[in-house]
Amino acid sequence: MTGTLHRLCLLLILVGCRSVFGQVATVELFPEKSYVGLDAGFAFRSDCITHEFASAYFRHAFIDEQIKDRVSTGLDARNAFALDFGVRTYYRHRILADSGRFTSWGIELEDRHWIHSDFSSDAFELYFRGNRAYKGRSADLSNFRFSDLHWQAAKASVQIRLSSHSALDAGFGLVRGQEFLDIRTKRGSLYTAPNGDYLDADLDLTIRQQDSSGTGFDSWNGTGAVMDLRWKKQFRDGSLFEIGVSDFGFIGFDGGSSFVPADTTYRFEGIDATDLFDFTDTVSGTINSDSAFVQGFLTDRREESSLQPLPGLLRATYSLQWSEGKYTCTWEVQQRLFYAARPLARMEGSWSINRHHRLHLGLQYGEYTTWVAGLGYTLRLGSWQFHAGSRFLSGWINPEGRSAGAFVTLRKQLP
């Protein structure tokens with residue numbers, strides 16, 4: 001393949017990433033040296049929520065009707081979004097005995113925050129525009145779910161040599177649960193009377209949340225475990241195949257967590273229900289409801305432990321390089337082990353401009369959004385390596401794009 005064709009192929013490739021953190025594409029089977037590193041990043045993706053809307057919402061900024069309209073036009077019967085951000089630091093030690101069973105070991109500390117929701121179009125319109133438009137009809141709130149999970153993990157890992165061309169990477173860790181909120185409905189509808197003098201709710205609803213007495217970084221509200229497992233095989237042409245699972249685990253939150261179930265029908269009356277759920281043009285307000293009838297509706301409040309799954313990732317990749325490592329390509333398929341996530345397919349790769357600079361380009365489709373392109377850059381100076389970029393350029397280029405993200409990594413090779 002000529003150099004020109006190489007460059008054309010690389011325009012179809014995306015920046016590699018381990019979860020929310022960036023990762024330089026590599027076809028290395030066993031580590032050549034010990035190293036230490038630091039990663040940070042975030043990724044937002046959705047099939048309907050635009051970047052401008054998500055940015056305003058999570059900043060508690062003003063959201064005008066035009067921004068809402070651009071989301072409404074993209075709503076389907078079922079919709080979803082996910083937001084993942086965090087930071088991690090790690091150390092990998094190469095074991096010098098080339099003939100031994102163990103080739104390296106590592107330790108890793110990370111802080112992660114995962115937010116996800118699966119919802120109907122009515123749920124969005126009701127929450128962000130109020131129930132005035134639903135006078136004389138019902139809003140469908142069935143099969144709604146919102147998850148907010150914040151945790152820290154300490155992991156230890158080892159690489160086991162299975163043969164001269166294959167290895168098994170295994171990691172296990174302790175997880176500290178800091179915060180969680182889980183809201184879900186099986187059945188749900190909200191009917192607003194034509195004259196606005198009452199509202200009928202029919203809900204099978206559960207709300208779970210950590211102990212609200214402590215939510216700071218020093219709070220330990222749950223304990224769990226996490227596992228990473230990956231099998232790697234290198235072929236004679238130097239290409240590498242990998243398959244495995246990462247971040248597979250759970251957190252058990254303690255008995256101080258709250259559990260609020262509600263499987264009932266309830267009529268809100270004696271009030272003007274027309275603007276009961278009206279946030280006007282911002283999300284900074286609170287629901288315009290009287291606490292007396294809210295407390296009357298959600299009367300069953302308990303303290304109960306809760307087991308929350310982590311958003312694990314199952315993936316398989318095939319990587320190759322040519323021209324003595326000048327070009328690297330990786331094809332990947334993955335499945336997020338979390339509700340409403342679709343399979344994702346990705347092509348990724350890089351082009352070494354010279355020994356200091358490397359460019360990454362690419363394309364992916366699936367999980368929570370549609371087609372998105374990515375761009376990355378790597379700088380190597382001696383034993384130091386800096387890598388930064390975004391897998392979701394559309395949100396930065398187009399405010400109406402339905403994804404956004406960025407990552408930065410710093411790594412140093414040790415003697």
# chains A, B, ... in the order shown; residues from 1 in each chain; ligands from 1
>>> residues_around(residues="range 196-204 of chain A", least_positions_apart="2", cutoff="10 Å", atoms="only C-alpha atoms", output="JSON, numbers by chain")
{"A": [131, 132, 134, 135, 136, 138, 139, 140, 141, 142, 143, 184, 185, 186, 187, 188, 189, 190, 191, 192, 193, 194, 206, 261, 262, 263, 264, 265, 266, 267, 268, 269, 270, 271, 272, 273, 274, 275, 276, 297]}
>>> residues_around(residues="Gly100 in chain A", least_positions_apart="2", cutoff="12 Å", atoms="only C-alpha atoms", output="ChimeraX atom specification")
/A:94-98,102-104,159-164
>>> residues_around(residues="Leu344 in chain A", least_positions_apart="2", cutoff="10 Å", atoms="only C-alpha atoms", output="list in words")
Arg315, Glu332, Val333, Gln334, Gln335, Arg336, Ala341, Arg342, Arg346, Gln364, Tyr365, Gly366, Glu367, Tyr368, Thr369 and Thr370 of chain A
>>> closest_residue(among="A:Gly362, A:Gly376, A:Pro343, A:Gly249", to="Trp331 in chain A", atoms="only C-alpha atoms")
A:Gly362
>>> closest_residue(among="A:Asn354, A:Ser323, A:Ser166, A:Ser120", to="Gln234 in chain A", atoms="only C-alpha atoms")
A:Ser166
>>> residues_around(residues="Leu149 in chain A", least_positions_apart="6", cutoff="12 Å", atoms="only C-alpha atoms", output="CSV table (one decimal) with N, CA, C and O atoms, in the first residue's frame")
chain,number,residue,atom,x,y,z
A,82,ALA,N,-25.6,9.3,28.4
A,82,ALA,CA,-24.6,8.8,29.4
A,82,ALA,C,-23.5,9.9,29.6
A,82,ALA,O,-23.1,10.5,28.6
A,83,LEU,N,-23.0,10.1,30.8
A,83,LEU,CA,-21.9,11.0,31.1
A,83,LEU,C,-21.0,10.3,32.0
A,83,LEU,O,-21.4,9.8,33.0
A,84,ASP,N,-19.7,10.2,31.6
A,84,ASP,CA,-18.7,9.5,32.3
A,84,ASP,C,-17.5,10.4,32.5
A,84,ASP,O,-17.0,11.0,31.4
A,85,PHE,N,-17.0,10.7,33.7
A,85,PHE,CA,-15.8,11.5,33.8
A,85,PHE,C,-15.0,11.0,35.0
A,85,PHE,O,-15.6,10.4,36.0
A,86,GLY,N,-13.7,11.2,35.0
A,86,GLY,CA,-12.9,10.8,36.1
A,86,GLY,C,-11.4,11.0,35.9
A,86,GLY,O,-11.0,11.6,34.9
A,111,ASP,N,-10.8,7.7,40.3
A,111,ASP,CA,-12.0,8.3,40.8
A,111,ASP,C,-12.9,8.5,39.6
A,111,ASP,O,-12.6,9.1,38.6
A,112,ARG,N,-14.1,7.9,39.7
A,112,ARG,CA,-15.1,7.9,38.5
A,112,ARG,C,-16.4,8.3,38.9
A,112,ARG,O,-16.9,8.1,40.0
A,113,HIS,N,-17.1,9.0,38.0
A,113,HIS,CA,-18.5,9.4,38.1
A,113,HIS,C,-19.3,9.1,36.9
A,113,HIS,O,-18.8,9.4,35.8
A,114,TRP,N,-20.4,8.3,37.0
A,114,TRP,CA,-21.1,7.8,35.9
A,114,TRP,C,-22.6,8.3,36.1
A,114,TRP,O,-23.2,8.0,37.1
A,115,ILE,N,-23.1,8.9,35.1
A,115,ILE,CA,-24.5,9.4,35.1
A,115,ILE,C,-25.2,8.9,33.8
A,115,ILE,O,-24.7,9.0,32.7
A,116,HIS,N,-26.4,8.3,34.0
A,116,HIS,CA,-27.1,7.7,32.8
A,116,HIS,C,-28.6,7.8,33.0
A,116,HIS,O,-29.1,7.7,34.1
A,117,SER,N,-29.3,7.9,31.9
A,117,SER,CA,-30.8,7.9,32.0
A,117,SER,C,-31.4,7.3,30.7
A,117,SER,O,-30.8,7.5,29.6
A,176,ARG,N,-14.7,1.9,46.7
A,176,ARG,CA,-15.4,2.7,47.8
A,176,ARG,C,-16.5,3.5,47.1
A,176,ARG,O,-16.3,4.3,46.2
A,177,GLY,N,-17.8,3.2,47.6
A,177,GLY,CA,-18.9,4.0,47.0
A,177,GLY,C,-19.1,5.3,47.8
A,177,GLY,O,-19.2,5.3,49.0
A,178,GLN,N,-19.1,6.4,47.0
A,178,GLN,CA,-19.3,7.7,47.6
A,178,GLN,C,-20.7,8.2,47.5
A,178,GLN,O,-21.3,8.6,48.6
A,179,GLU,N,-21.3,8.1,46.3
A,179,GLU,CA,-22.7,8.6,46.2
A,179,GLU,C,-23.4,7.7,45.1
A,179,GLU,O,-22.8,7.2,44.2
A,180,PHE,N,-24.7,7.6,45.3
A,180,PHE,CA,-25.5,7.0,44.2
A,180,PHE,C,-27.0,7.4,44.4
A,180,PHE,O,-27.5,7.8,45.5
A,181,LEU,N,-27.6,7.5,43.2
A,181,LEU,CA,-29.1,7.8,43.2
A,181,LEU,C,-29.6,7.0,42.0
A,181,LEU,O,-29.1,7.0,40.9
A,182,ASP,N,-30.7,6.2,42.3
A,182,ASP,CA,-31.3,5.4,41.3
A,182,ASP,C,-32.8,5.6,41.4
A,182,ASP,O,-33.4,5.3,42.4
A,183,ILE,N,-33.4,6.1,40.3
A,183,ILE,CA,-34.8,6.3,40.2
A,183,ILE,C,-35.3,5.5,39.0
A,183,ILE,O,-34.7,5.6,37.9
A,208,ARG,N,-33.9,5.0,45.2
A,208,ARG,CA,-32.8,4.5,46.1
A,208,ARG,C,-31.7,5.6,46.1
A,208,ARG,O,-31.3,6.1,45.1
A,209,GLN,N,-31.2,5.8,47.3
A,209,GLN,CA,-30.1,6.8,47.4
A,209,GLN,C,-29.2,6.5,48.6
A,209,GLN,O,-29.7,5.9,49.6
A,210,GLN,N,-28.0,6.9,48.6
A,210,GLN,CA,-27.0,6.7,49.7
A,210,GLN,C,-27.4,7.5,50.9
A,210,GLN,O,-28.3,8.4,50.8
A,215,THR,N,-21.9,13.1,51.9
A,215,THR,CA,-21.7,12.8,50.5
A,215,THR,C,-20.3,13.4,50.0
A,215,THR,O,-20.1,13.5,48.8
A,221,ASN,N,-19.7,5.4,51.9
A,221,ASN,CA,-21.1,4.9,52.0
A,221,ASN,C,-21.4,3.5,51.5
A,221,ASN,O,-22.5,3.0,51.6
A,222,GLY,N,-20.4,2.9,50.8
A,222,GLY,CA,-20.6,1.6,50.2
A,222,GLY,C,-19.2,1.0,49.9
A,222,GLY,O,-18.2,1.6,49.8
A,250,PHE,N,-19.4,-4.3,41.3
A,250,PHE,CA,-20.6,-3.8,42.0
A,250,PHE,C,-20.1,-3.0,43.3
A,250,PHE,O,-19.0,-3.1,43.7
A,251,ILE,N,-21.1,-2.3,43.8
A,251,ILE,CA,-20.9,-1.6,45.1
A,251,ILE,C,-22.1,-1.9,46.0
A,251,ILE,O,-23.2,-1.8,45.5
A,252,GLY,N,-21.9,-2.4,47.2
A,252,GLY,CA,-22.9,-2.6,48.1
A,252,GLY,C,-23.0,-1.4,49.1
A,252,GLY,O,-22.1,-1.2,49.9
A,253,PHE,N,-24.1,-0.6,48.9
A,253,PHE,CA,-24.2,0.6,49.8
A,253,PHE,C,-24.9,0.1,51.1
A,253,PHE,O,-25.8,-0.7,51.1
A,307,LEU,N,-27.5,-2.9,46.3
A,307,LEU,CA,-26.4,-3.4,45.5
A,307,LEU,C,-26.4,-2.7,44.1
A,307,LEU,O,-27.4,-2.9,43.4
A,308,GLN,N,-25.4,-1.9,43.8
A,308,GLN,CA,-25.4,-1.2,42.5
A,308,GLN,C,-24.3,-1.7,41.6
A,308,GLN,O,-23.1,-1.8,42.0
A,309,PRO,N,-24.6,-2.1,40.3
A,309,PRO,CA,-23.6,-2.5,39.4
A,309,PRO,C,-22.7,-1.4,38.8
A,309,PRO,O,-23.2,-0.3,38.7
A,310,LEU,N,-21.5,-1.7,38.5
A,310,LEU,CA,-20.6,-0.7,37.8
A,310,LEU,C,-20.8,-0.9,36.3
A,310,LEU,O,-21.2,-1.9,35.8
A,311,PRO,N,-20.6,0.2,35.6
A,311,PRO,CA,-20.8,0.1,34.1
A,311,PRO,C,-19.6,-0.6,33.4
A,311,PRO,O,-18.8,0.1,32.8
>>> residues_around(residues="Leu38 in chain A", least_positions_apart="6", cutoff="12 Å", atoms="only C-alpha atoms", output="compact mmCIF listing (two decimals) with all heavy atoms, in the first residue's frame")
# COMPACT_ATOMS: atom_id res chain seq x y z
N PHE A 21 -10.82 7.47 29.59
CA PHE A 21 -9.44 7.90 29.52
C PHE A 21 -8.84 7.58 28.17
O PHE A 21 -9.07 6.53 27.61
CB PHE A 21 -8.61 7.23 30.62
CG PHE A 21 -9.22 7.36 31.99
CD1 PHE A 21 -9.63 6.25 32.69
CD2 PHE A 21 -9.39 8.61 32.55
CE1 PHE A 21 -10.19 6.38 33.95
CE2 PHE A 21 -9.96 8.75 33.81
CZ PHE A 21 -10.36 7.63 34.51
N GLY A 22 -8.02 8.47 27.64
CA GLY A 22 -7.36 8.25 26.38
C GLY A 22 -6.26 7.22 26.50
O GLY A 22 -5.65 7.05 27.54
N GLN A 23 -5.98 6.53 25.42
CA GLN A 23 -4.94 5.52 25.39
C GLN A 23 -4.32 5.48 24.01
O GLN A 23 -5.01 5.38 23.01
CB GLN A 23 -5.53 4.14 25.75
CG GLN A 23 -4.52 3.00 25.67
CD GLN A 23 -5.16 1.69 26.08
OE1 GLN A 23 -5.68 1.56 27.17
NE2 GLN A 23 -5.14 0.73 25.19
N GLY A 86 -13.69 11.24 34.97
CA GLY A 86 -12.87 10.77 36.07
C GLY A 86 -11.40 11.03 35.87
O GLY A 86 -10.97 11.63 34.88
N VAL A 87 -10.61 10.54 36.82
CA VAL A 87 -9.16 10.68 36.80
C VAL A 87 -8.56 9.43 37.41
O VAL A 87 -9.15 8.82 38.31
CB VAL A 87 -8.73 11.95 37.58
CG1 VAL A 87 -9.17 11.89 39.04
CG2 VAL A 87 -7.23 12.16 37.48
N ARG A 88 -7.40 9.00 36.91
CA ARG A 88 -6.72 7.83 37.47
C ARG A 88 -5.22 8.02 37.37
O ARG A 88 -4.70 8.74 36.50
CB ARG A 88 -7.13 6.55 36.76
CG ARG A 88 -6.58 6.40 35.35
CD ARG A 88 -6.93 5.06 34.74
NE ARG A 88 -6.42 4.96 33.39
CZ ARG A 88 -5.64 3.98 32.94
NH1 ARG A 88 -5.29 3.00 33.76
NH2 ARG A 88 -5.21 3.96 31.70
N THR A 89 -4.51 7.38 38.28
CA THR A 89 -3.06 7.32 38.24
C THR A 89 -2.64 5.87 38.40
O THR A 89 -3.34 5.10 39.07
CB THR A 89 -2.43 8.20 39.34
OG1 THR A 89 -1.01 8.16 39.22
CG2 THR A 89 -2.84 7.73 40.73
N TYR A 90 -1.52 5.49 37.76
CA TYR A 90 -1.15 4.08 37.74
C TYR A 90 0.36 3.92 37.65
O TYR A 90 1.10 4.83 37.25
CB TYR A 90 -1.81 3.38 36.55
CG TYR A 90 -1.50 4.01 35.22
CD1 TYR A 90 -0.41 3.61 34.44
CD2 TYR A 90 -2.31 5.04 34.72
CE1 TYR A 90 -0.14 4.21 33.22
CE2 TYR A 90 -2.04 5.64 33.50
CZ TYR A 90 -0.95 5.21 32.76
OH TYR A 90 -0.66 5.81 31.56
N TYR A 91 0.80 2.73 38.04
CA TYR A 91 2.22 2.35 37.93
C TYR A 91 2.28 0.93 37.40
O TYR A 91 1.55 0.05 37.86
CB TYR A 91 2.90 2.42 39.30
CG TYR A 91 4.28 1.79 39.32
CD1 TYR A 91 5.36 2.39 38.68
CD2 TYR A 91 4.48 0.57 39.97
CE1 TYR A 91 6.62 1.80 38.69
CE2 TYR A 91 5.74 -0.02 40.00
CZ TYR A 91 6.80 0.60 39.36
OH TYR A 91 8.05 0.01 39.37
N ARG A 92 3.13 0.70 36.40
CA ARG A 92 3.31 -0.63 35.80
C ARG A 92 4.78 -1.02 35.91
O ARG A 92 5.65 -0.27 35.43
CB ARG A 92 2.87 -0.64 34.34
CG ARG A 92 2.69 -2.04 33.77
CD ARG A 92 1.38 -2.59 34.23
NE ARG A 92 1.27 -4.03 34.02
CZ ARG A 92 0.27 -4.76 34.48
NH1 ARG A 92 -0.69 -4.18 35.18
NH2 ARG A 92 0.22 -6.04 34.26
N GLU A 108 -3.21 0.75 40.52
CA GLU A 108 -3.98 1.83 39.90
C GLU A 108 -4.96 2.40 40.90
O GLU A 108 -5.60 1.67 41.65
CB GLU A 108 -4.72 1.28 38.69
CG GLU A 108 -5.64 2.25 37.99
CD GLU A 108 -6.37 1.61 36.81
OE1 GLU A 108 -5.78 0.72 36.16
OE2 GLU A 108 -7.53 2.01 36.55
N LEU A 109 -5.09 3.73 40.93
CA LEU A 109 -6.08 4.43 41.74
C LEU A 109 -6.92 5.29 40.80
O LEU A 109 -6.38 5.96 39.92
CB LEU A 109 -5.41 5.32 42.78
CG LEU A 109 -4.50 4.64 43.80
CD1 LEU A 109 -3.81 5.69 44.67
CD2 LEU A 109 -5.28 3.68 44.67
N GLU A 110 -8.24 5.26 41.00
CA GLU A 110 -9.09 6.06 40.12
C GLU A 110 -10.29 6.61 40.85
O GLU A 110 -10.75 6.04 41.85
CB GLU A 110 -9.54 5.25 38.91
CG GLU A 110 -10.54 4.16 39.20
CD GLU A 110 -11.05 3.49 37.92
OE1 GLU A 110 -10.55 3.81 36.83
OE2 GLU A 110 -11.95 2.64 38.04
N ASP A 111 -10.79 7.73 40.35
CA ASP A 111 -12.03 8.35 40.81
C ASP A 111 -12.93 8.48 39.60
O ASP A 111 -12.55 9.09 38.60
CB ASP A 111 -11.74 9.72 41.43
CG ASP A 111 -13.01 10.42 41.88
OD1 ASP A 111 -13.47 10.14 43.00
OD2 ASP A 111 -13.54 11.26 41.11
N TRP A 384 9.27 10.83 28.38
CA TRP A 384 7.94 11.38 28.65
C TRP A 384 7.05 11.25 27.41
O TRP A 384 7.51 11.40 26.28
CB TRP A 384 8.02 12.85 29.04
CG TRP A 384 8.62 13.07 30.39
CD1 TRP A 384 9.94 13.29 30.68
CD2 TRP A 384 7.92 13.10 31.63
NE1 TRP A 384 10.12 13.45 32.02
CE2 TRP A 384 8.90 13.35 32.65
CE3 TRP A 384 6.59 12.95 32.01
CZ2 TRP A 384 8.56 13.43 33.99
CZ3 TRP A 384 6.26 13.04 33.35
CH2 TRP A 384 7.23 13.28 34.32
N GLN A 385 5.77 11.01 27.67
CA GLN A 385 4.79 10.94 26.59
C GLN A 385 3.52 11.68 27.01
O GLN A 385 2.95 11.40 28.07
CB GLN A 385 4.45 9.49 26.26
CG GLN A 385 3.39 9.33 25.19
CD GLN A 385 3.16 7.88 24.85
OE1 GLN A 385 3.91 7.27 24.09
NE2 GLN A 385 2.12 7.29 25.42
N PHE A 386 3.08 12.63 26.17
CA PHE A 386 1.86 13.39 26.41
C PHE A 386 0.87 13.07 25.30
O PHE A 386 1.21 13.10 24.13
CB PHE A 386 2.18 14.89 26.43
CG PHE A 386 0.95 15.76 26.48
CD1 PHE A 386 0.27 15.96 27.67
CD2 PHE A 386 0.49 16.39 25.33
CE1 PHE A 386 -0.86 16.77 27.71
CE2 PHE A 386 -0.63 17.20 25.36
CZ PHE A 386 -1.31 17.39 26.56
N HIS A 387 -0.37 12.76 25.69
CA HIS A 387 -1.39 12.38 24.72
C HIS A 387 -2.69 13.10 25.08
O HIS A 387 -3.11 13.09 26.24
CB HIS A 387 -1.60 10.86 24.78
CG HIS A 387 -2.58 10.33 23.78
ND1 HIS A 387 -2.61 10.71 22.46
CD2 HIS A 387 -3.59 9.42 23.92
CE1 HIS A 387 -3.56 10.07 21.82
NE2 HIS A 387 -4.17 9.28 22.69
N ALA A 388 -3.32 13.78 24.10
CA ALA A 388 -4.56 14.51 24.35
C ALA A 388 -5.43 14.46 23.11
O ALA A 388 -4.95 14.27 21.99
CB ALA A 388 -4.26 15.96 24.73
N PHE A 407 -9.87 14.12 26.58
CA PHE A 407 -9.01 13.40 27.52
C PHE A 407 -7.59 13.91 27.41
O PHE A 407 -7.19 14.50 26.40
CB PHE A 407 -9.06 11.88 27.27
CG PHE A 407 -8.53 11.48 25.91
CD1 PHE A 407 -7.16 11.33 25.68
CD2 PHE A 407 -9.41 11.25 24.86
CE1 PHE A 407 -6.68 10.97 24.43
CE2 PHE A 407 -8.93 10.88 23.60
CZ PHE A 407 -7.56 10.75 23.39
N VAL A 408 -6.82 13.69 28.47
CA VAL A 408 -5.41 14.02 28.48
C VAL A 408 -4.70 12.96 29.31
O VAL A 408 -5.21 12.52 30.34
CB VAL A 408 -5.17 15.44 29.06
CG1 VAL A 408 -5.69 15.56 30.47
CG2 VAL A 408 -3.70 15.80 28.99
N THR A 409 -3.54 12.50 28.84
CA THR A 409 -2.76 11.50 29.56
C THR A 409 -1.30 11.93 29.57
O THR A 409 -0.81 12.54 28.62
CB THR A 409 -2.85 10.09 28.93
OG1 THR A 409 -2.06 10.05 27.74
CG2 THR A 409 -4.30 9.75 28.58
N LEU A 410 -0.62 11.61 30.66
CA LEU A 410 0.80 11.88 30.81
C LEU A 410 1.47 10.61 31.33
O LEU A 410 1.02 10.05 32.34
CB LEU A 410 1.03 13.03 31.77
CG LEU A 410 2.48 13.50 31.97
CD1 LEU A 410 3.05 14.06 30.66
CD2 LEU A 410 2.57 14.53 33.08
N ARG A 411 2.50 10.13 30.63
CA ARG A 411 3.15 8.89 30.99
C ARG A 411 4.67 9.04 30.93
O ARG A 411 5.19 9.70 30.01
CB ARG A 411 2.70 7.76 30.09
CG ARG A 411 3.11 6.38 30.58
CD ARG A 411 2.37 5.30 29.81
NE ARG A 411 3.22 4.70 28.79
CZ ARG A 411 2.89 3.62 28.10
NH1 ARG A 411 1.71 3.04 28.30
NH2 ARG A 411 3.69 3.12 27.19
N LYS A 412 5.35 8.43 31.88
CA LYS A 412 6.82 8.47 31.89
C LYS A 412 7.36 7.05 32.00
O LYS A 412 6.98 6.28 32.90
CB LYS A 412 7.33 9.30 33.07
CG LYS A 412 8.86 9.29 33.18
CD LYS A 412 9.35 10.19 34.29
CE LYS A 412 10.87 10.06 34.47
NZ LYS A 412 11.64 10.31 33.23
>>> atom_distance(atom1="CA of Val226 in chain A", atom2="CA of Gly173 in chain A")
5.2 Å
>>> residues_around(residues="Gly405 in chain A", least_positions_apart="4", cutoff="10 Å", atoms="only C-alpha atoms", output="JSON, numbers by chain")
{"A": [20, 41, 42, 43, 44, 45, 51, 83, 84, 85, 374, 389, 390, 391, 392, 393, 394, 395, 396]}
>>> write_last_selection(atoms="C-alpha atoms", output="mmCIF file, in the first residue's frame")
data_model
loop_
_atom_site.group_PDB
_atom_site.id
_atom_site.type_symbol
_atom_site.label_atom_id
_atom_site.label_comp_id
_atom_site.auth_asym_id
_atom_site.auth_seq_id
_atom_site.Cartn_x
_atom_site.Cartn_y
_atom_site.Cartn_z
ATOM 1 C CA VAL A 20 -13.265 7.786 29.557
ATOM 2 C CA GLY A 41 -11.163 12.892 30.832
ATOM 3 C CA PHE A 42 -14.903 13.014 30.281
ATOM 4 C CA ALA A 43 -17.354 11.781 27.656
ATOM 5 C CA PHE A 44 -20.992 12.760 27.060
ATOM 6 C CA ARG A 45 -23.078 10.935 24.440
ATOM 7 C CA HIS A 51 -24.169 19.271 23.615
ATOM 8 C CA LEU A 83 -21.944 11.009 31.065
ATOM 9 C CA ASP A 84 -18.679 9.524 32.321
ATOM 10 C CA PHE A 85 -15.791 11.496 33.815
ATOM 11 C CA GLY A 374 -12.258 11.848 16.848
ATOM 12 C CA GLY A 389 -7.640 14.636 22.172
ATOM 13 C CA SER A 390 -11.343 14.009 21.838
ATOM 14 C CA ARG A 391 -13.323 11.019 20.615
ATOM 15 C CA PHE A 392 -16.373 13.272 20.136
ATOM 16 C CA LEU A 393 -15.535 16.258 17.943
ATOM 17 C CA SER A 394 -19.104 16.963 16.832
ATOM 18 C CA GLY A 395 -20.073 18.603 20.117
ATOM 19 C CA TRP A 396 -17.142 21.005 19.981
#
>>> closest_residue(among="A:Trp351, A:Phe128, A:Phe144, A:Phe235", to="Asp64 in chain A", atoms="only C-alpha atoms")
A:Phe128
>>> select_by_dssp(residues="range 92-330 of chain A", states="helix (DSSP H, G or I)", output="list in words")
Ser121, Asp122, Ala123, Phe124, Glu125, Leu126, Tyr127, Phe128, Arg129, Arg132, Ala133, Tyr134, Ser291, Ala292, Phe293, Val294, Gln295, Gly296 and Phe297 of chain A
>>> atom_distance(atom1="CA of Phe248 in chain A", atom2="CA of Leu337 in chain A")
8.2 Å
>>> closest_residue(among="A:Ser219, A:Ser121, A:Ser55, A:Asn398", to="Arg78 in chain A", atoms="only C-alpha atoms")
A:Ser121
>>> closest_residue(among="A:Gln66, A:Ser319, A:Asn79, A:Ser352", to="Arg129 in chain A", atoms="only C-alpha atoms")
A:Gln66
>>> closest_residue(among="A:Glu125, A:Asp169, A:Glu52, A:Asp118", to="Ser147 in chain A", atoms="only C-alpha atoms")
A:Asp118
>>> decode(residues="range 393-406 of chain A", atoms="N, CA and C atoms", output="short mmCIF file (atom, residue, chain, number, x, y, z; two decimals), in the first residue's frame")
data_model
loop_
_atom_site.label_atom_id
_atom_site.label_comp_id
_atom_site.auth_asym_id
_atom_site.auth_seq_id
_atom_site.Cartn_x
_atom_site.Cartn_y
_atom_site.Cartn_z
N LEU A 393 -15.78 14.91 18.45
CA LEU A 393 -15.53 16.26 17.94
C LEU A 393 -16.81 17.01 17.61
N SER A 394 -17.89 16.30 17.33
CA SER A 394 -19.10 16.96 16.83
C SER A 394 -19.64 17.98 17.82
N GLY A 395 -19.56 17.68 19.12
CA GLY A 395 -20.07 18.60 20.12
C GLY A 395 -19.27 19.89 20.20
N TRP A 396 -17.98 19.81 19.95
CA TRP A 396 -17.14 21.01 19.98
C TRP A 396 -17.33 21.85 18.71
N ILE A 397 -17.54 21.18 17.58
CA ILE A 397 -17.68 21.89 16.31
C ILE A 397 -19.10 22.41 16.13
N ASN A 398 -20.08 21.59 16.49
CA ASN A 398 -21.49 21.91 16.30
C ASN A 398 -22.23 21.84 17.64
N PRO A 399 -22.74 22.96 18.17
CA PRO A 399 -23.46 22.93 19.45
C PRO A 399 -24.65 21.99 19.46
N GLU A 400 -25.20 21.69 18.27
CA GLU A 400 -26.34 20.78 18.19
C GLU A 400 -25.90 19.32 18.11
N GLY A 401 -24.60 19.06 18.12
CA GLY A 401 -24.11 17.70 18.15
C GLY A 401 -24.52 16.99 19.44
N ARG A 402 -24.63 15.69 19.38
CA ARG A 402 -25.17 14.93 20.50
C ARG A 402 -24.09 14.19 21.29
N SER A 403 -22.89 14.68 21.27
CA SER A 403 -21.81 14.09 22.06
C SER A 403 -20.71 15.12 22.22
N ALA A 404 -19.89 14.91 23.24
CA ALA A 404 -18.73 15.76 23.48
C ALA A 404 -17.81 15.04 24.45
N GLY A 405 -16.54 15.36 24.39
CA GLY A 405 -15.61 14.72 25.31
C GLY A 405 -14.20 15.16 25.05
N ALA A 406 -13.32 14.89 26.01
CA ALA A 406 -11.90 15.20 25.87
C ALA A 406 -11.13 14.37 26.88
#
